[in-house]
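Following: one structure in C-alpha cells, then a few remarks.
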Amino acid sequence: MTLFPATQAILDRRADDDVSEVAWQWESMAAEAVLRHGGSADAEALLPLFVSAPAAHEALVPVFARHGDRRLAERLLEATVDGGRLREDVPSGVLHAVGRLGYTPATSLLWEHVDGLYEVSRDACLGLLHLPCEDLRGAIAEALEKHEGSALFPEFLPVLAPKTEDPAWLERLFAWGENHASVDCNGGLILGIALHGGPARAAFARLLWDVRWEACGSGTGSALWTYAGTRVLGLGLPELYADLRARLRDGADPDAQRGALRSFITLLRLRCADVWTGVEAAEVQPESCDALYSVLFTSTADDGDTLTELADRVFDGDGSLSDEVFHLEAALRAAAVHEWALRPATSR
C-alpha cells in the first residue's frame with residue numbers, strides 16, 4: 001500500500017521514540033496536504049492513530065470525511081460513540097465526517113446532537129446535510145418553525161431546510177436573515193438559501209452585496225459559508241466580478257461600494273487559499289487560477305478596470321485595502337503556478 005508522503009511523515013513522527021509529542025500546528029499542516037492530495041489508503045492508515053487519541057489528532061478528521069467510505073464511517077463511530085452520544089474527548093467533526101460519508105445509520109445520532117453546543121450542533125447539521133433524512137422531514141420543519149424569526153438559534157439548522165422539500169423555505173430563510181437574524185448567526189441561513197439551487201440565485205446575489213448581511217464578514221465566520229454558497233450555485237468569481245463592476249457603475253453610495261468590494265476581496269482570498277468547506281455540493285471545479293488572473297489583473301482594450309485599479313478608486317487612499325489587493329494578486333499568481341505544476345504533462 002503506497003501512502004501519500006505527508007501521511008507517512010505523520011505516522012513516522014508518531015513512531016519515533018524521540019518525539020514525545022507532535023505539535024498540532026505541524027500535524028494540521030501535514031493533514032491539510034493529505035486532505036488535498038491523498039486518498040482512501042491514507043484515511044485507512046491514519047484511522048488507528050486518530051482512534052488512539054482523538055482530541056490530539058483532530059486535524060485528521062477532514063481527511064476521513066473526504067477520503068473515507070461508509071465502512072470507515074462505521075468503524076469511526078464504533079470507536080467514538082458511547083451510550084448514543086459522542087464521547088467528550090472526541091472532536092465534533094466526526095459527526096460531520098460520518099454524515100458526509102453517507103453513513104445513513106448515523107442519522108438519528110446526528111439529529112440528537114443538533115441542539116448541542118455550537119460546534120457540536122454545526123457538525124451534526126453539516127453531517128445531516130449529506131444524508132437523505134426522509135424520516136426527519138417533519139422534525140426538521142418543526143425545529144425550523146420553532147426558531148424562525150429569532151436573532152440567535154442553532155446557526156446551521158437552516159442548511160437542513162431543503163430536506164423538508166418545501167420550497168417556501170427559500171423565501172422564509174431570506175426573510176429571517178433580512179429582518180431578524182444576528183449577523184453573528186447567519187452562516188447557516190446563507191448556505192441554506194444557496195442549497196435551494198437555481199431558484200436561490202437572485203436572493204443569494206442580494207444578500208451577498210447587501211452590507212447589512214455582512215455575508216463576507218471574517219469576524220463572524222459567515223464568509224466561509226458565503227464562499228461555499230457561491231460554489232453550490234456555480235457563481236464563479238469572473239461572473240461575480242462582472243456583477244460587482246456593474247453595481248459600482250450604477251452609482252451606489254460610497255459605503256455600499258466599499259462594502260461590496262470588500263466582500264469580493266474576501267471571496268478572492270478564500271479562492272486563493274483553496275479552502276475546503278466540507279460541503280460536497282460546493283466541490284464543483286472552480287475556474288482555474290490562471291483564467292481568474294486574466295479576468296482580474298490583466299488590462300484590456302475596453303474600459304474595464306483591473307481589480308487593482310478598481311480598489312485604488314473605490315478605497316480612495318486607504319492604503320491597507322489597496323495593499324491587500326496587491327498581495328492577493330501575488331497569491332493568485334502563485335496559485336496559478338501551482339495549478340500548472342500539478343496538471344499532467346500533455347503529449348506533444
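Following the order of the C-alpha cells, chains are lettered A, B, ..., residues in each are numbered from 1, and ligands are numbered from 1.
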
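Neighbours of Gly138 of chain A closer than or equal to 12 Å, with only C-alpha atoms counted and sequence neighbours fewer than 2 positions away skipped, come out as Cys133, Glu134, Asp135, Leu136, Ile140, Ala141, Glu142, Ala143, Leu144, Glu145, Leu160, Ala161, Pro162, Lys163, Thr164, Glu165 and Asp166 of chain A.
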
Next, dump the selected residues to file, keeping only all heavy atoms, as a CSV table (one decimal), in the first residue's frame.
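The resulting file, part-v8.csv, is reproduced below:
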chain,number,residue,atom,x,y,z
A,133,CYS,N,-32.4,11.9,5.1
A,133,CYS,CA,-33.2,12.4,6.1
A,133,CYS,C,-34.7,12.4,5.9
A,133,CYS,O,-35.5,13.2,6.4
A,133,CYS,CB,-32.8,13.9,6.4
A,133,CYS,SG,-31.1,14.2,7.0
A,134,GLU,N,-35.1,11.4,5.1
A,134,GLU,CA,-36.6,11.3,4.8
A,134,GLU,C,-37.4,11.2,6.1
A,134,GLU,O,-38.5,11.8,6.1
A,134,GLU,CB,-36.9,10.0,3.9
A,134,GLU,CG,-36.3,10.1,2.5
A,134,GLU,CD,-35.1,9.2,2.5
A,134,GLU,OE1,-34.4,9.1,3.5
A,134,GLU,OE2,-34.7,8.8,1.3
A,135,ASP,N,-37.0,10.4,7.1
A,135,ASP,CA,-37.8,10.3,8.3
A,135,ASP,C,-37.7,11.5,9.2
A,135,ASP,O,-38.4,11.5,10.2
A,135,ASP,CB,-37.3,9.0,9.1
A,135,ASP,CG,-37.5,7.7,8.3
A,135,ASP,OD1,-38.4,7.7,7.4
A,135,ASP,OD2,-36.8,6.8,8.6
A,136,LEU,N,-36.9,12.5,8.8
A,136,LEU,CA,-36.7,13.7,9.7
A,136,LEU,C,-37.4,14.9,9.1
A,136,LEU,O,-37.3,16.0,9.7
A,136,LEU,CB,-35.3,14.0,9.9
A,136,LEU,CG,-34.5,13.0,10.8
A,136,LEU,CD1,-33.0,13.4,10.8
A,136,LEU,CD2,-35.0,13.0,12.2
A,140,ILE,N,-37.5,18.3,11.2
A,140,ILE,CA,-36.7,19.4,10.7
A,140,ILE,C,-37.6,20.7,10.5
A,140,ILE,O,-37.3,21.8,11.0
A,140,ILE,CB,-36.0,19.1,9.4
A,140,ILE,CG1,-34.9,18.1,9.7
A,140,ILE,CG2,-35.4,20.4,8.8
A,140,ILE,CD1,-34.3,17.5,8.4
A,141,ALA,N,-38.8,20.5,9.9
A,141,ALA,CA,-39.7,21.6,9.7
A,141,ALA,C,-40.1,22.2,11.1
A,141,ALA,O,-40.2,23.4,11.2
A,141,ALA,CB,-40.9,21.1,8.9
A,142,GLU,N,-40.4,21.3,12.0
A,142,GLU,CA,-40.9,21.7,13.3
A,142,GLU,C,-39.8,22.5,14.0
A,142,GLU,O,-40.0,23.6,14.6
A,142,GLU,CB,-41.3,20.5,14.1
A,142,GLU,CG,-41.8,20.9,15.5
A,142,GLU,CD,-42.3,19.6,16.3
A,142,GLU,OE1,-42.5,18.6,15.6
A,142,GLU,OE2,-42.4,19.7,17.5
A,143,ALA,N,-38.5,22.0,13.9
A,143,ALA,CA,-37.4,22.7,14.6
A,143,ALA,C,-37.2,24.1,13.9
A,143,ALA,O,-36.9,25.1,14.6
A,143,ALA,CB,-36.2,21.9,14.5
A,144,LEU,N,-37.3,24.2,12.6
A,144,LEU,CA,-37.1,25.5,11.9
A,144,LEU,C,-38.2,26.4,12.3
A,144,LEU,O,-37.9,27.6,12.6
A,144,LEU,CB,-37.1,25.2,10.4
A,144,LEU,CG,-35.9,24.6,9.8
A,144,LEU,CD1,-36.2,24.1,8.4
A,144,LEU,CD2,-34.7,25.6,9.8
A,145,GLU,N,-39.4,26.0,12.4
A,145,GLU,CA,-40.5,26.9,12.8
A,145,GLU,C,-40.4,27.3,14.2
A,145,GLU,O,-40.8,28.5,14.5
A,145,GLU,CB,-41.9,26.1,12.6
A,145,GLU,CG,-42.2,25.9,11.1
A,145,GLU,CD,-43.3,24.9,10.9
A,145,GLU,OE1,-43.8,24.3,11.9
A,145,GLU,OE2,-43.8,24.7,9.7
A,160,LEU,N,-30.6,22.6,6.7
A,160,LEU,CA,-31.5,21.4,6.5
A,160,LEU,C,-32.8,21.7,5.9
A,160,LEU,O,-33.6,20.8,5.7
A,160,LEU,CB,-31.6,20.7,7.9
A,160,LEU,CG,-30.4,20.2,8.5
A,160,LEU,CD1,-30.7,19.5,9.9
A,160,LEU,CD2,-29.6,19.3,7.6
A,161,ALA,N,-33.1,23.0,5.7
A,161,ALA,CA,-34.4,23.4,5.2
A,161,ALA,C,-34.8,22.7,3.9
A,161,ALA,O,-35.9,22.3,3.7
A,161,ALA,CB,-34.5,24.9,5.0
A,162,PRO,N,-33.8,22.5,2.9
A,162,PRO,CA,-34.2,21.8,1.7
A,162,PRO,C,-34.7,20.4,1.9
A,162,PRO,O,-35.4,19.8,1.1
A,162,PRO,CB,-32.9,21.8,0.9
A,162,PRO,CG,-32.2,23.1,1.3
A,162,PRO,CD,-32.5,23.1,2.8
A,163,LYS,N,-34.3,19.8,3.1
A,163,LYS,CA,-34.7,18.4,3.4
A,163,LYS,C,-36.2,18.3,3.6
A,163,LYS,O,-36.8,17.2,3.5
A,163,LYS,CB,-34.0,17.9,4.6
A,163,LYS,CG,-32.4,17.9,4.6
A,163,LYS,CD,-31.9,16.9,3.6
A,163,LYS,CE,-30.4,16.8,3.6
A,163,LYS,NZ,-29.9,15.9,2.6
A,164,THR,N,-36.8,19.4,3.9
A,164,THR,CA,-38.3,19.4,4.1
A,164,THR,C,-39.0,19.3,2.8
A,164,THR,O,-40.2,19.0,2.8
A,164,THR,CB,-38.8,20.7,4.8
A,164,THR,OG1,-38.6,21.8,3.9
A,164,THR,CG2,-38.0,20.9,6.1
A,165,GLU,N,-38.4,19.6,1.7
A,165,GLU,CA,-38.9,19.6,0.4
A,165,GLU,C,-40.1,20.6,0.2
A,165,GLU,O,-41.0,20.4,-0.6
A,165,GLU,CB,-39.4,18.2,-0.1
A,165,GLU,CG,-38.2,17.2,-0.1
A,165,GLU,CD,-38.6,15.8,-0.8
A,165,GLU,OE1,-39.8,15.6,-1.0
A,165,GLU,OE2,-37.7,15.1,-1.1
A,166,ASP,N,-40.0,21.6,1.1
A,166,ASP,CA,-41.0,22.7,1.0
A,166,ASP,C,-40.3,23.9,0.4
A,166,ASP,O,-39.5,24.6,1.1
A,166,ASP,CB,-41.5,23.0,2.4
A,166,ASP,CG,-42.6,24.2,2.4
A,166,ASP,OD1,-42.8,24.7,1.3
A,166,ASP,OD2,-43.1,24.5,3.5

Please, which residues in segment 196-298 of chain A fall within 9 Å of segment 321-335 of chain A when counting only C-alpha atoms, and what is the closest atom pair and distance in Å to one decimal for each, ordered by chain then residue number, as CSV?
residue,atom,partner,partner_atom,distance
A:Arg262,CA,A:Leu321,CA,8.4
A:Ile265,CA,A:Val325,CA,7.3
A:Leu268,CA,A:Leu328,CA,7.7
A:Arg269,CA,A:Leu328,CA,6.7
A:Arg271,CA,A:Leu332,CA,8.6
A:Cys272,CA,A:Leu332,CA,5.6
A:Ala273,CA,A:Ala335,CA,8.1
A:Asp274,CA,A:Ala335,CA,8.9
A:Cys289,CA,A:Ala335,CA,6.4
A:Asp290,CA,A:Arg333,CA,7.3
A:Leu292,CA,A:Leu332,CA,8.3
A:Tyr293,CA,A:Leu332,CA,6.6
A:Leu296,CA,A:Glu329,CA,8.6
A:Phe297,CA,A:Glu329,CA,7.3

Could you save those same residues with N, CA and C atoms as a PDB file, in the first residue's frame?
ATOM      1  N   ARG A 262     -15.127  44.947  -0.641  1.00  0.00           N
ATOM      2  CA  ARG A 262     -14.542  44.137   0.438  1.00  0.00           C
ATOM      3  C   ARG A 262     -15.057  42.708   0.384  1.00  0.00           C
ATOM      4  N   ILE A 265     -13.269  40.855  -2.367  1.00  0.00           N
ATOM      5  CA  ILE A 265     -11.883  40.586  -1.976  1.00  0.00           C
ATOM      6  C   ILE A 265     -11.812  39.398  -1.014  1.00  0.00           C
ATOM      7  N   LEU A 268     -12.210  36.271  -2.980  1.00  0.00           N
ATOM      8  CA  LEU A 268     -10.979  36.004  -3.722  1.00  0.00           C
ATOM      9  C   LEU A 268      -9.905  35.426  -2.801  1.00  0.00           C
ATOM     10  N   ARG A 269      -9.824  35.953  -1.587  1.00  0.00           N
ATOM     11  CA  ARG A 269      -8.846  35.430  -0.629  1.00  0.00           C
ATOM     12  C   ARG A 269      -9.111  33.950  -0.348  1.00  0.00           C
ATOM     13  N   ARG A 271     -10.632  31.868  -2.334  1.00  0.00           N
ATOM     14  CA  ARG A 271     -10.312  31.103  -3.550  1.00  0.00           C
ATOM     15  C   ARG A 271      -8.808  30.881  -3.669  1.00  0.00           C
ATOM     16  N   CYS A 272      -8.017  31.910  -3.376  1.00  0.00           N
ATOM     17  CA  CYS A 272      -6.566  31.767  -3.458  1.00  0.00           C
ATOM     18  C   CYS A 272      -6.068  30.702  -2.480  1.00  0.00           C
ATOM     19  N   ALA A 273      -6.709  30.656  -1.305  1.00  0.00           N
ATOM     20  CA  ALA A 273      -6.322  29.664  -0.294  1.00  0.00           C
ATOM     21  C   ALA A 273      -6.887  28.287  -0.605  1.00  0.00           C
ATOM     22  N   ASP A 274      -7.814  28.222  -1.557  1.00  0.00           N
ATOM     23  CA  ASP A 274      -8.454  26.963  -1.934  1.00  0.00           C
ATOM     24  C   ASP A 274      -8.977  26.237  -0.697  1.00  0.00           C
ATOM     25  N   CYS A 289      -7.015  29.229 -11.766  1.00  0.00           N
ATOM     26  CA  CYS A 289      -6.416  30.455 -11.238  1.00  0.00           C
ATOM     27  C   CYS A 289      -5.816  31.313 -12.340  1.00  0.00           C
ATOM     28  N   ASP A 290      -5.281  30.680 -13.385  1.00  0.00           N
ATOM     29  CA  ASP A 290      -4.723  31.500 -14.464  1.00  0.00           C
ATOM     30  C   ASP A 290      -5.816  32.235 -15.227  1.00  0.00           C
ATOM     31  N   LEU A 292      -8.690  33.138 -13.918  1.00  0.00           N
ATOM     32  CA  LEU A 292      -9.154  34.172 -12.994  1.00  0.00           C
ATOM     33  C   LEU A 292      -8.189  35.350 -12.965  1.00  0.00           C
ATOM     34  N   TYR A 293      -6.892  35.047 -12.994  1.00  0.00           N
ATOM     35  CA  TYR A 293      -5.898  36.126 -13.015  1.00  0.00           C
ATOM     36  C   TYR A 293      -6.084  37.008 -14.242  1.00  0.00           C
ATOM     37  N   LEU A 296      -9.065  39.361 -13.664  1.00  0.00           N
ATOM     38  CA  LEU A 296      -8.969  40.360 -12.601  1.00  0.00           C
ATOM     39  C   LEU A 296      -7.802  41.328 -12.741  1.00  0.00           C
ATOM     40  N   PHE A 297      -6.699  40.859 -13.282  1.00  0.00           N
ATOM     41  CA  PHE A 297      -5.483  41.663 -13.200  1.00  0.00           C
ATOM     42  C   PHE A 297      -4.810  41.951 -14.537  1.00  0.00           C
TER      43      PHE A 297
END

Residues of segment 122-145 of chain A that approach segment 95-99 of chain A to 8 Å or less, counting only C-alpha atoms: could you list each one with the shortest pair of atoms and its distance in Å to one decimal, rows by chain and increasing residue number, as CSV?
residue,atom,partner,partner_atom,distance
A:Asp123,CA,A:His96,CA,4.7
A:Ala124,CA,A:Leu95,CA,5.3
A:Cys125,CA,A:His96,CA,7.5
A:Leu126,CA,A:His96,CA,5.5
A:Gly127,CA,A:His96,CA,3.9
A:Leu128,CA,A:Gly99,CA,5.6
A:Leu129,CA,A:Gly99,CA,7.4
A:His130,CA,A:Gly99,CA,5.6
A:Leu131,CA,A:Gly99,CA,6.1

Can you tell me, as a list of chain:residue names, what residues are no more than 9 Å from Leu237 of chain A when counting only C-alpha atoms, ignoring any on the same chain fewer than 2 positions away?
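Near neighbours after the sequence-gap exclusion: A:Thr230, A:Leu235, A:Glu239, A:Leu240, A:Tyr241, A:Ala242, A:Phe264, A:Leu267, A:Leu268, A:Arg271, A:Pro286, A:Glu287, A:Leu292.
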
Could you pull out the residues in segment 182-236 of chain A that DSSP calls helix (DSSP H, G or I) from the backbone, as a PyMOL selection string?
chain A and resi 183-185+187-194+198-209+222-232

If we count only C-alpha atoms, what is near Ile193 of chain A at a cut-off of 8 Å, once residues fewer than 6 positions away on the same chain are taken out, given as an MDAnalysis selection string?
chainID A and resid 159 170 173:174 200 203:204

Applying 6 Å and only C-alpha atoms, which residues near Gly39 of chain A remain after dropping the ones on its own chain fewer than 2 positions away? List them as a list in words.
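Within the cut-off, the hits are Ala41, Asp42 and His67 of chain A.
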
So that I can see what lies close to segment 150-153 of chain A, please list as a list in words the residues with an atom at most 9 Å from it, counting only C-alpha atoms and leaving out residues fewer than 6 positions away in the same chain.
Trp176, Gly177, His180, Ala181, Ser182, Val183, Asp184, Cys185 and Asn186 of chain A

Pick out the residues sitting within 9 Å of Tyr227 of chain A, and hand them over as a PDB file with all heavy atoms, in the first residue's frame; count only C-alpha atoms, and ignore anything fewer than 3 positions along from it in its own chain.
ATOM      1  N   LEU A 191     -25.919  29.636   3.697  1.00  0.00           N
ATOM      2  CA  LEU A 191     -25.705  28.372   2.999  1.00  0.00           C
ATOM      3  C   LEU A 191     -27.031  27.680   2.712  1.00  0.00           C
ATOM      4  O   LEU A 191     -27.217  27.092   1.634  1.00  0.00           O
ATOM      5  CB  LEU A 191     -24.793  27.468   3.831  1.00  0.00           C
ATOM      6  CG  LEU A 191     -24.456  26.105   3.222  1.00  0.00           C
ATOM      7  CD1 LEU A 191     -23.837  26.246   1.841  1.00  0.00           C
ATOM      8  CD2 LEU A 191     -23.531  25.320   4.152  1.00  0.00           C
ATOM      9  N   CYS A 216     -19.837  38.400   4.007  1.00  0.00           N
ATOM     10  CA  CYS A 216     -18.417  38.061   3.878  1.00  0.00           C
ATOM     11  C   CYS A 216     -17.627  38.556   5.076  1.00  0.00           C
ATOM     12  O   CYS A 216     -16.420  38.823   4.978  1.00  0.00           O
ATOM     13  CB  CYS A 216     -17.853  38.627   2.575  1.00  0.00           C
ATOM     14  SG  CYS A 216     -18.493  37.786   1.115  1.00  0.00           S
ATOM     15  N   SER A 222     -19.068  34.051   8.756  1.00  0.00           N
ATOM     16  CA  SER A 222     -20.024  33.810   7.665  1.00  0.00           C
ATOM     17  C   SER A 222     -19.350  33.717   6.309  1.00  0.00           C
ATOM     18  O   SER A 222     -19.901  33.119   5.378  1.00  0.00           O
ATOM     19  CB  SER A 222     -21.076  34.933   7.635  1.00  0.00           C
ATOM     20  OG  SER A 222     -21.837  34.942   8.826  1.00  0.00           O
ATOM     21  N   ALA A 223     -18.155  34.302   6.165  1.00  0.00           N
ATOM     22  CA  ALA A 223     -17.507  34.363   4.849  1.00  0.00           C
ATOM     23  C   ALA A 223     -17.311  32.973   4.246  1.00  0.00           C
ATOM     24  O   ALA A 223     -17.517  32.776   3.048  1.00  0.00           O
ATOM     25  CB  ALA A 223     -16.174  35.095   4.965  1.00  0.00           C
ATOM     26  N   LEU A 224     -16.895  32.012   5.060  1.00  0.00           N
ATOM     27  CA  LEU A 224     -16.654  30.670   4.540  1.00  0.00           C
ATOM     28  C   LEU A 224     -17.925  30.081   3.949  1.00  0.00           C
ATOM     29  O   LEU A 224     -17.896  29.441   2.884  1.00  0.00           O
ATOM     30  CB  LEU A 224     -16.128  29.766   5.657  1.00  0.00           C
ATOM     31  CG  LEU A 224     -15.926  28.297   5.276  1.00  0.00           C
ATOM     32  CD1 LEU A 224     -14.857  28.158   4.195  1.00  0.00           C
ATOM     33  CD2 LEU A 224     -15.565  27.462   6.500  1.00  0.00           C
ATOM     34  N   THR A 230     -21.499  30.300  -3.028  1.00  0.00           N
ATOM     35  CA  THR A 230     -21.200  30.654  -4.420  1.00  0.00           C
ATOM     36  C   THR A 230     -20.834  29.417  -5.221  1.00  0.00           C
ATOM     37  O   THR A 230     -21.201  29.287  -6.387  1.00  0.00           O
ATOM     38  CB  THR A 230     -20.057  31.686  -4.516  1.00  0.00           C
ATOM     39  OG1 THR A 230     -18.820  31.120  -4.037  1.00  0.00           O
ATOM     40  CG2 THR A 230     -20.378  32.938  -3.711  1.00  0.00           C
ATOM     41  N   ARG A 231     -20.129  28.502  -4.574  1.00  0.00           N
ATOM     42  CA  ARG A 231     -19.717  27.280  -5.270  1.00  0.00           C
ATOM     43  C   ARG A 231     -20.916  26.362  -5.513  1.00  0.00           C
ATOM     44  O   ARG A 231     -21.031  25.732  -6.562  1.00  0.00           O
ATOM     45  CB  ARG A 231     -18.644  26.561  -4.450  1.00  0.00           C
ATOM     46  CG  ARG A 231     -17.378  27.373  -4.215  1.00  0.00           C
ATOM     47  CD  ARG A 231     -16.472  27.362  -5.421  1.00  0.00           C
ATOM     48  NE  ARG A 231     -15.879  26.060  -5.619  1.00  0.00           N
ATOM     49  CZ  ARG A 231     -14.727  25.652  -5.052  1.00  0.00           C
ATOM     50  NH1 ARG A 231     -14.060  26.471  -4.255  1.00  0.00           N
ATOM     51  NH2 ARG A 231     -14.255  24.448  -5.293  1.00  0.00           N
ATOM     52  N   VAL A 232     -21.799  26.265  -4.520  1.00  0.00           N
ATOM     53  CA  VAL A 232     -23.001  25.445  -4.676  1.00  0.00           C
ATOM     54  C   VAL A 232     -23.827  25.935  -5.870  1.00  0.00           C
ATOM     55  O   VAL A 232     -24.357  25.140  -6.658  1.00  0.00           O
ATOM     56  CB  VAL A 232     -23.845  25.473  -3.390  1.00  0.00           C
ATOM     57  CG1 VAL A 232     -25.227  24.869  -3.630  1.00  0.00           C
ATOM     58  CG2 VAL A 232     -23.142  24.724  -2.266  1.00  0.00           C
ATOM     59  N   THR A 266     -12.773  39.313  -0.108  1.00  0.00           N
ATOM     60  CA  THR A 266     -12.799  38.195   0.829  1.00  0.00           C
ATOM     61  C   THR A 266     -13.005  36.877   0.088  1.00  0.00           C
ATOM     62  O   THR A 266     -12.339  35.875   0.372  1.00  0.00           O
ATOM     63  CB  THR A 266     -13.920  38.392   1.864  1.00  0.00           C
ATOM     64  OG1 THR A 266     -13.660  39.580   2.618  1.00  0.00           O
ATOM     65  CG2 THR A 266     -13.999  37.208   2.819  1.00  0.00           C
ATOM     66  N   LEU A 267     -13.913  36.864  -0.876  1.00  0.00           N
ATOM     67  CA  LEU A 267     -14.142  35.645  -1.664  1.00  0.00           C
ATOM     68  C   LEU A 267     -12.892  35.269  -2.456  1.00  0.00           C
ATOM     69  O   LEU A 267     -12.541  34.090  -2.569  1.00  0.00           O
ATOM     70  CB  LEU A 267     -15.324  35.847  -2.611  1.00  0.00           C
ATOM     71  CG  LEU A 267     -16.691  36.044  -1.944  1.00  0.00           C
ATOM     72  CD1 LEU A 267     -17.748  36.344  -3.005  1.00  0.00           C
ATOM     73  CD2 LEU A 267     -17.090  34.823  -1.128  1.00  0.00           C
ATOM     74  N   LEU A 270     -10.364  33.594  -0.175  1.00  0.00           N
ATOM     75  CA  LEU A 270     -10.709  32.196   0.078  1.00  0.00           C
ATOM     76  C   LEU A 270     -10.410  31.320  -1.136  1.00  0.00           C
ATOM     77  O   LEU A 270      -9.977  30.180  -1.002  1.00  0.00           O
ATOM     78  CB  LEU A 270     -12.181  32.098   0.476  1.00  0.00           C
ATOM     79  CG  LEU A 270     -12.537  32.721   1.830  1.00  0.00           C
ATOM     80  CD1 LEU A 270     -14.051  32.828   1.995  1.00  0.00           C
ATOM     81  CD2 LEU A 270     -11.932  31.923   2.973  1.00  0.00           C
ATOM     82  N   ARG A 271     -10.632  31.868  -2.334  1.00  0.00           N
ATOM     83  CA  ARG A 271     -10.312  31.103  -3.550  1.00  0.00           C
ATOM     84  C   ARG A 271      -8.808  30.881  -3.669  1.00  0.00           C
ATOM     85  O   ARG A 271      -8.360  29.784  -4.018  1.00  0.00           O
ATOM     86  CB  ARG A 271     -10.848  31.844  -4.787  1.00  0.00           C
ATOM     87  CG  ARG A 271     -10.411  31.232  -6.126  1.00  0.00           C
ATOM     88  CD  ARG A 271     -11.013  29.858  -6.300  1.00  0.00           C
ATOM     89  NE  ARG A 271     -10.538  29.210  -7.531  1.00  0.00           N
ATOM     90  CZ  ARG A 271      -9.507  28.383  -7.604  1.00  0.00           C
ATOM     91  NH1 ARG A 271      -8.820  28.078  -6.506  1.00  0.00           N
ATOM     92  NH2 ARG A 271      -9.150  27.845  -8.743  1.00  0.00           N
ATOM     93  N   THR A 277     -14.475  23.513   2.282  1.00  0.00           N
ATOM     94  CA  THR A 277     -15.669  23.868   3.047  1.00  0.00           C
ATOM     95  C   THR A 277     -16.292  22.663   3.740  1.00  0.00           C
ATOM     96  O   THR A 277     -17.064  22.838   4.686  1.00  0.00           O
ATOM     97  CB  THR A 277     -16.734  24.492   2.129  1.00  0.00           C
ATOM     98  OG1 THR A 277     -17.213  23.501   1.204  1.00  0.00           O
ATOM     99  CG2 THR A 277     -16.160  25.676   1.363  1.00  0.00           C
ATOM    100  N   ALA A 282     -20.470  21.889  -2.770  1.00  0.00           N
ATOM    101  CA  ALA A 282     -19.632  23.053  -3.094  1.00  0.00           C
ATOM    102  C   ALA A 282     -18.328  22.658  -3.755  1.00  0.00           C
ATOM    103  O   ALA A 282     -17.494  23.526  -4.051  1.00  0.00           O
ATOM    104  CB  ALA A 282     -19.331  23.850  -1.817  1.00  0.00           C
TER     105      ALA A 282
END
